[in-house]
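**Q** Structure file query-v2.txt (compact mmCIF, C-alpha atoms) right here:
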# COMPACT_ATOMS: atom_id res chain seq x y z
CA MET R 5 93.13 14.01 -11.78
CA ARG R 6 94.23 17.33 -13.28
CA SER R 7 91.85 19.27 -11.01
CA LYS R 8 93.27 17.47 -7.95
CA VAL R 9 96.79 18.48 -8.97
CA MET R 10 95.68 22.08 -9.55
CA LEU R 11 93.86 22.17 -6.19
CA SER R 12 96.89 20.69 -4.41
CA GLY R 13 99.14 23.26 -6.05
CA LEU R 14 96.84 26.08 -5.03
CA ILE R 15 96.72 24.86 -1.43
CA VAL R 16 100.53 24.61 -1.28
CA MET R 17 100.87 28.13 -2.71
CA VAL R 18 98.40 29.60 -0.21
CA CYS R 19 100.08 27.81 2.72
CA SER R 20 103.52 28.91 1.53
CA LEU R 21 102.35 32.51 1.22
CA ALA R 22 100.83 32.39 4.71
CA MET R 23 104.00 30.88 6.14
CA ALA R 24 106.20 33.37 4.29
CA THR R 25 104.21 36.23 5.80
CA ALA R 26 104.60 34.74 9.25
CA ALA R 27 108.27 33.88 8.75
CA PHE R 28 109.24 37.46 7.96
CA CYS R 29 107.73 38.85 11.15
CA GLU R 30 109.47 41.11 13.62
CA GLY R 31 108.47 40.69 17.23
CA GLY R 32 104.83 39.90 16.44
CA LYS R 33 104.08 43.39 15.08
CA PHE R 34 102.37 43.35 11.70
CA SER R 35 100.92 46.85 11.77
CA ASN R 36 100.01 49.60 14.21
CA ILE R 37 96.57 48.10 14.79
CA VAL R 38 97.51 44.39 14.97
CA ASP R 39 99.43 42.67 17.77
CA ALA R 40 99.80 38.94 17.16
CA LYS R 41 99.72 36.61 20.15
CA SER R 42 102.13 34.21 18.49
CA THR R 43 104.18 34.19 15.33
CA LEU R 44 106.15 31.73 13.25
CA CYS R 45 109.70 32.88 12.58
CA TYR R 46 111.92 30.35 10.86
CA PRO R 47 113.82 29.95 7.60
CA LEU R 48 111.60 28.77 4.76
CA GLU R 49 114.47 27.35 2.73
CA LEU R 50 117.81 26.27 4.16
CA THR R 51 120.87 24.18 3.35
CA PHE R 52 122.42 21.92 5.97
CA LYS R 53 126.17 22.42 6.19
CA ARG R 54 128.25 19.82 7.98
CA PRO R 55 129.53 21.04 11.34
CA SER R 56 133.30 20.89 11.72
CA GLY R 57 134.19 17.50 13.14
CA VAL R 58 131.67 15.52 11.09
CA LEU R 59 133.12 12.95 8.73
CA LYS R 60 133.47 14.51 5.28
CA THR R 61 131.68 12.85 2.36
CA SER R 62 131.38 13.57 -1.33
CA PHE R 63 127.58 13.85 -1.13
CA ALA R 64 125.98 17.19 -1.93
CA PRO R 65 124.69 19.29 1.01
CA VAL R 66 121.00 18.80 1.80
CA LYS R 67 118.55 21.56 0.95
CA PHE R 68 115.43 21.66 3.12
CA SER R 69 112.11 23.44 2.74
CA HIS R 70 109.94 24.08 5.78
CA GLY R 71 107.15 24.92 3.32
CA GLN R 72 107.17 21.40 1.87
CA HIS R 73 107.04 19.98 5.40
CA ALA R 74 104.24 22.23 6.71
CA SER R 75 102.03 19.25 7.58
CA VAL R 76 104.65 17.92 10.02
CA ALA R 77 104.45 19.24 13.58
CA CYS R 78 107.61 21.19 14.51
CA VAL R 79 108.24 19.03 17.60
CA THR R 80 108.43 15.91 15.43
CA CYS R 81 111.90 16.93 14.24
CA HIS R 82 112.73 19.47 16.94
CA HIS R 83 112.02 16.90 19.66
CA MET R 84 113.85 18.81 22.42
CA TRP R 85 111.84 22.00 21.86
CA ASP R 86 109.38 23.01 24.57
CA GLY R 87 107.13 24.86 22.12
CA LYS R 88 108.02 28.26 23.54
CA GLY R 89 111.73 29.04 23.54
CA GLU R 90 114.28 29.27 20.79
CA ILE R 91 114.78 26.16 18.67
CA GLN R 92 118.33 24.85 18.86
CA GLY R 93 120.25 23.19 16.04
CA CYS R 94 120.65 19.42 15.87
CA ALA R 95 124.35 19.55 16.74
CA ASP R 96 123.87 21.75 19.83
CA ALA R 97 124.97 20.40 23.20
CA GLY R 98 122.62 17.80 24.65
CA CYS R 99 120.97 16.78 21.38
CA HIS R 100 122.83 15.22 18.45
CA ASP R 101 126.22 16.57 19.47
CA ASN R 102 128.20 13.36 18.88
CA LEU R 103 129.89 14.28 15.61
CA LYS R 104 132.23 11.27 15.34
CA GLU R 105 130.29 8.06 16.06
CA ARG R 106 127.66 7.51 13.36
CA GLN R 107 125.75 4.70 15.07
CA GLU R 108 125.32 6.30 18.50
CA VAL R 109 121.77 7.50 19.31
CA THR R 110 123.11 11.01 19.93
CA SER R 111 125.11 11.13 16.70
CA TYR R 112 124.58 13.95 14.24
CA PHE R 113 124.45 11.37 11.45
CA ARG R 114 121.56 9.43 13.07
CA ALA R 115 119.54 12.62 13.53
CA PHE R 116 119.01 12.52 9.77
CA HIS R 117 119.61 8.88 8.79
CA ASP R 118 117.97 6.65 11.45
CA LYS R 119 115.62 4.41 9.43
CA ASN R 120 113.53 3.56 12.51
CA ALA R 121 113.01 7.04 13.98
CA ASP R 122 110.05 9.26 13.09
CA ALA R 123 112.17 12.33 13.91
CA SER R 124 114.82 11.31 11.37
CA CYS R 125 114.54 12.51 7.76
CA LEU R 126 115.22 9.05 6.37
CA GLY R 127 112.92 7.32 8.87
CA CYS R 128 110.04 9.70 8.10
CA HIS R 129 110.52 9.44 4.34
CA MET R 130 110.64 5.63 4.48
CA LYS R 131 107.42 5.59 6.53
CA THR R 132 105.86 8.04 4.05
CA ASN R 133 106.89 5.77 1.17
CA VAL R 134 104.90 2.87 2.66
CA VAL R 135 101.77 5.04 2.59
CA ARG R 136 102.56 6.37 -0.88
CA LYS R 137 103.01 2.82 -2.21
CA GLU R 138 99.62 1.80 -0.76
CA LYS R 139 98.04 4.74 -2.60
CA GLY R 140 99.83 3.90 -5.86
CA GLN R 141 101.93 7.07 -5.67
CA LYS R 142 105.56 7.47 -6.68
CA PRO R 143 107.87 7.02 -3.66
CA LEU R 144 110.17 9.74 -2.36
CA SER R 145 113.71 9.21 -3.62
CA VAL R 146 115.85 7.99 -0.69
CA ALA R 147 118.39 5.79 -2.48
CA PRO R 148 121.05 5.72 -3.74
CA CYS R 149 122.57 8.26 -1.35
CA SER R 150 124.82 9.92 -3.91
CA ASN R 151 121.99 11.51 -5.91
CA ASN R 152 118.63 11.11 -4.24
CA GLY R 153 115.90 13.45 -3.03
CA CYS R 154 118.16 14.62 -0.18
CA HIS R 155 121.69 14.81 -1.59
CA VAL R 156 120.86 16.22 -5.03
CA ALA R 157 123.92 16.21 -7.28
CA ALA R 158 124.90 19.53 -8.85
CA LYS R 159 123.98 19.85 -12.53
Let's see the structure in the file written out as C-alpha cells.

**A**
Amino acid sequence: MRSKVMLSGLIVMVCSLAMATAAFCEGGKFSNIVDAKSTLCYPLELTFKRPSGVLKTSFAPVKFSHGQHASVACVTCHHMWDGKGEIQGCADAGCHDNLKERQEVTSYFRAFHDKNADASCLGCHMKTNVVRKEKGQKPLSVAPCSNNGCHVAAK
C-alpha cells in the first residue's frame, strides 16, 4: 500500500513538472536548437472569481488545479474548443453566458453544478465518486456546499 502511494506521488510530481515546463512556454521555443510542434500553455493553478452579474453567495471562491486534472481531456470541460484556437472562458458569449438564471442549460451556474453533465465539475466528481466507492476509496467531498472540496472555507 505504501509503495503504491509513493509511486502515485512520484507520477503526479513528474507529470506536474512536465506540465509546468510546458505551461511556461513562449511561442513553442524552448532553446535555439528545439522548435516544438505544439505546446501546452495554460494556468496550472487558478481561482474562479464570479463574473459581475452572477448571484452573490457566501461560499468561498473555487481554486482549481489543472495538474490534479491532467487525466481529463481538455475538451471534456472546454467543450466549445476546437483543439487549435484560444480557449475561451465559461462566461464568454455563446457558452455559459447566462449569468442570472441558474437552471438554464447555458447558465454559468450549471457549467459547474450540473449533476448530470460530464463537463460539469459537480457531475464529473459525482461520477468519479461512484467509481471510488466501488474501489473502496474515500469519495471526493462535494457536500455540503459551504465547506467542501470546491468551496473550501478560509482558515

**Q** For Leu59 (chain R), work out the shell of residues within 10 Å, counting only C-alpha atoms and skipping chain neighbours fewer than 4 positions away, then give it as an MDAnalysis selection string.

**A** chainID R and resid 54:55 103:106 113

**Q** Between CA of Ala123 (chain R) and CA of Cys94 (chain R), measure the distance and give it in Å to one decimal.

**A**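 About the pair CA of Ala123 (chain R) and CA of Cys94 (chain R): they are 11.2 Å apart.
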
**Q** List the spatial neighbours of region 129-132 of chain R as number ranges by chain - criterion: any atom at most 10 Å away, only C-alpha atoms, same-chain residues fewer than 2 positions off excluded.

**A** R: 119-122, 124-127, 134-137, 143-146, 153

**Q** Given all atoms listed in the file as the basis, pick out the residue of R:Val156, R:Ala115, R:Val109, R:Ala97 nearest to Cys81 (chain R).

**A** R:Ala115

**Q** For CA of Ala95 (chain R) and CA of Ser111 (chain R), quote the distance in Å rounded to one decimal.

**A**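 Between these atoms lies a distance of 8.5 Å.
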
**Q** Expressed in Å to a single decimal, how great is the separation between CA of Gln92 (chain R) and CA of Cys128 (chain R)?

**A**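 Interatomic distance here is 20.3 Å.
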
**Q** Please write out, as AutoDock Vina command-line options, where the centre of an axis-aligned box around all listed atoms of region 125-140 of chain R lies and how long its edges are, in Å to one decimal, after adding 6 Å on each side.

**A**
--center_x 106.6 --center_y 7.2 --center_z 1.5 --size_x 29.2 --size_y 22.7 --size_z 26.7

**Q** Taking all atoms listed in the file into account, which of R:Cys154, R:Ala64, R:Arg114, R:His73 comes nearest Asp101 (chain R)?

**A** R:Arg114

**Q** Might you pull out every residue within 12 Å of Ser150 (chain R), with only C-alpha atoms counted and same-chain residues fewer than 6 positions away left off, and present them as a ChimeraX atom specification?

**A** /R:61-66,156-158

**Q** Using only C-alpha atoms, which residue out of R:Phe68, R:Gln141, R:Tyr112, R:Asp118 lies closest to Gly93 (chain R)?

**A**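 Among R:Phe68, R:Gln141, R:Tyr112, R:Asp118, it is R:Tyr112 that comes nearest to Gly93 (chain R).
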
**Q** My structure is short of atoms at region 130-149 of chain R; please model N, CA and C atoms there, returning them as a PDB file, keeping the file's coordinate frame.

**A**
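File produced: out-v9.pdb:
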ATOM      1  N   MET R 130     110.899   7.053   4.722  1.00  0.00           N
ATOM      2  CA  MET R 130     110.640   5.630   4.480  1.00  0.00           C
ATOM      3  C   MET R 130     109.214   5.263   4.916  1.00  0.00           C
ATOM      4  N   LYS R 131     108.786   5.812   6.042  1.00  0.00           N
ATOM      5  CA  LYS R 131     107.420   5.590   6.530  1.00  0.00           C
ATOM      6  C   LYS R 131     106.405   6.192   5.548  1.00  0.00           C
ATOM      7  N   THR R 132     106.717   7.378   5.046  1.00  0.00           N
ATOM      8  CA  THR R 132     105.860   8.040   4.050  1.00  0.00           C
ATOM      9  C   THR R 132     105.774   7.207   2.782  1.00  0.00           C
ATOM     10  N   ASN R 133     106.878   6.583   2.394  1.00  0.00           N
ATOM     11  CA  ASN R 133     106.890   5.770   1.170  1.00  0.00           C
ATOM     12  C   ASN R 133     105.979   4.559   1.277  1.00  0.00           C
ATOM     13  N   VAL R 134     105.819   3.994   2.468  1.00  0.00           N
ATOM     14  CA  VAL R 134     104.900   2.870   2.660  1.00  0.00           C
ATOM     15  C   VAL R 134     103.472   3.333   2.335  1.00  0.00           C
ATOM     16  N   VAL R 135     103.098   4.488   2.846  1.00  0.00           N
ATOM     17  CA  VAL R 135     101.770   5.040   2.590  1.00  0.00           C
ATOM     18  C   VAL R 135     101.603   5.392   1.121  1.00  0.00           C
ATOM     19  N   ARG R 136     102.629   6.001   0.535  1.00  0.00           N
ATOM     20  CA  ARG R 136     102.560   6.370  -0.880  1.00  0.00           C
ATOM     21  C   ARG R 136     102.401   5.128  -1.762  1.00  0.00           C
ATOM     22  N   LYS R 137     103.102   4.067  -1.430  1.00  0.00           N
ATOM     23  CA  LYS R 137     103.010   2.820  -2.210  1.00  0.00           C
ATOM     24  C   LYS R 137     101.593   2.264  -2.138  1.00  0.00           C
ATOM     25  N   GLU R 138     100.992   2.292  -0.930  1.00  0.00           N
ATOM     26  CA  GLU R 138      99.620   1.800  -0.760  1.00  0.00           C
ATOM     27  C   GLU R 138      98.632   2.597  -1.604  1.00  0.00           C
ATOM     28  N   LYS R 139      98.918   3.875  -1.807  1.00  0.00           N
ATOM     29  CA  LYS R 139      98.040   4.740  -2.600  1.00  0.00           C
ATOM     30  C   LYS R 139      98.382   4.727  -4.081  1.00  0.00           C
ATOM     31  N   GLY R 140      99.421   3.957  -4.468  1.00  0.00           N
ATOM     32  CA  GLY R 140      99.830   3.900  -5.860  1.00  0.00           C
ATOM     33  C   GLY R 140     100.603   5.127  -6.309  1.00  0.00           C
ATOM     34  N   GLN R 141     101.169   5.867  -5.349  1.00  0.00           N
ATOM     35  CA  GLN R 141     101.930   7.070  -5.670  1.00  0.00           C
ATOM     36  C   GLN R 141     103.418   6.758  -5.806  1.00  0.00           C
ATOM     37  N   LYS R 142     104.118   7.607  -6.511  1.00  0.00           N
ATOM     38  CA  LYS R 142     105.560   7.470  -6.680  1.00  0.00           C
ATOM     39  C   LYS R 142     106.243   7.703  -5.322  1.00  0.00           C
ATOM     40  N   PRO R 143     107.188   6.828  -4.944  1.00  0.00           N
ATOM     41  CA  PRO R 143     107.870   7.020  -3.660  1.00  0.00           C
ATOM     42  C   PRO R 143     108.847   8.190  -3.688  1.00  0.00           C
ATOM     43  N   LEU R 144     109.145   8.712  -2.503  1.00  0.00           N
ATOM     44  CA  LEU R 144     110.170   9.740  -2.360  1.00  0.00           C
ATOM     45  C   LEU R 144     111.517   9.080  -2.608  1.00  0.00           C
ATOM     46  N   SER R 145     112.397   9.766  -3.285  1.00  0.00           N
ATOM     47  CA  SER R 145     113.710   9.210  -3.620  1.00  0.00           C
ATOM     48  C   SER R 145     114.623   9.244  -2.401  1.00  0.00           C
ATOM     49  N   VAL R 146     114.947   8.061  -1.849  1.00  0.00           N
ATOM     50  CA  VAL R 146     115.850   7.990  -0.690  1.00  0.00           C
ATOM     51  C   VAL R 146     117.127   7.209  -0.996  1.00  0.00           C
ATOM     52  N   ALA R 147     117.192   6.554  -2.121  1.00  0.00           N
ATOM     53  CA  ALA R 147     118.390   5.790  -2.480  1.00  0.00           C
ATOM     54  C   ALA R 147     118.592   5.882  -3.987  1.00  0.00           C
ATOM     55  N   PRO R 148     119.780   5.789  -4.477  1.00  0.00           N
ATOM     56  CA  PRO R 148     121.050   5.720  -3.740  1.00  0.00           C
ATOM     57  C   PRO R 148     121.365   7.067  -3.083  1.00  0.00           C
ATOM     58  N   CYS R 149     122.250   7.047  -2.129  1.00  0.00           N
ATOM     59  CA  CYS R 149     122.570   8.260  -1.350  1.00  0.00           C
ATOM     60  C   CYS R 149     123.251   9.346  -2.196  1.00  0.00           C
TER      61      CYS R 149
END
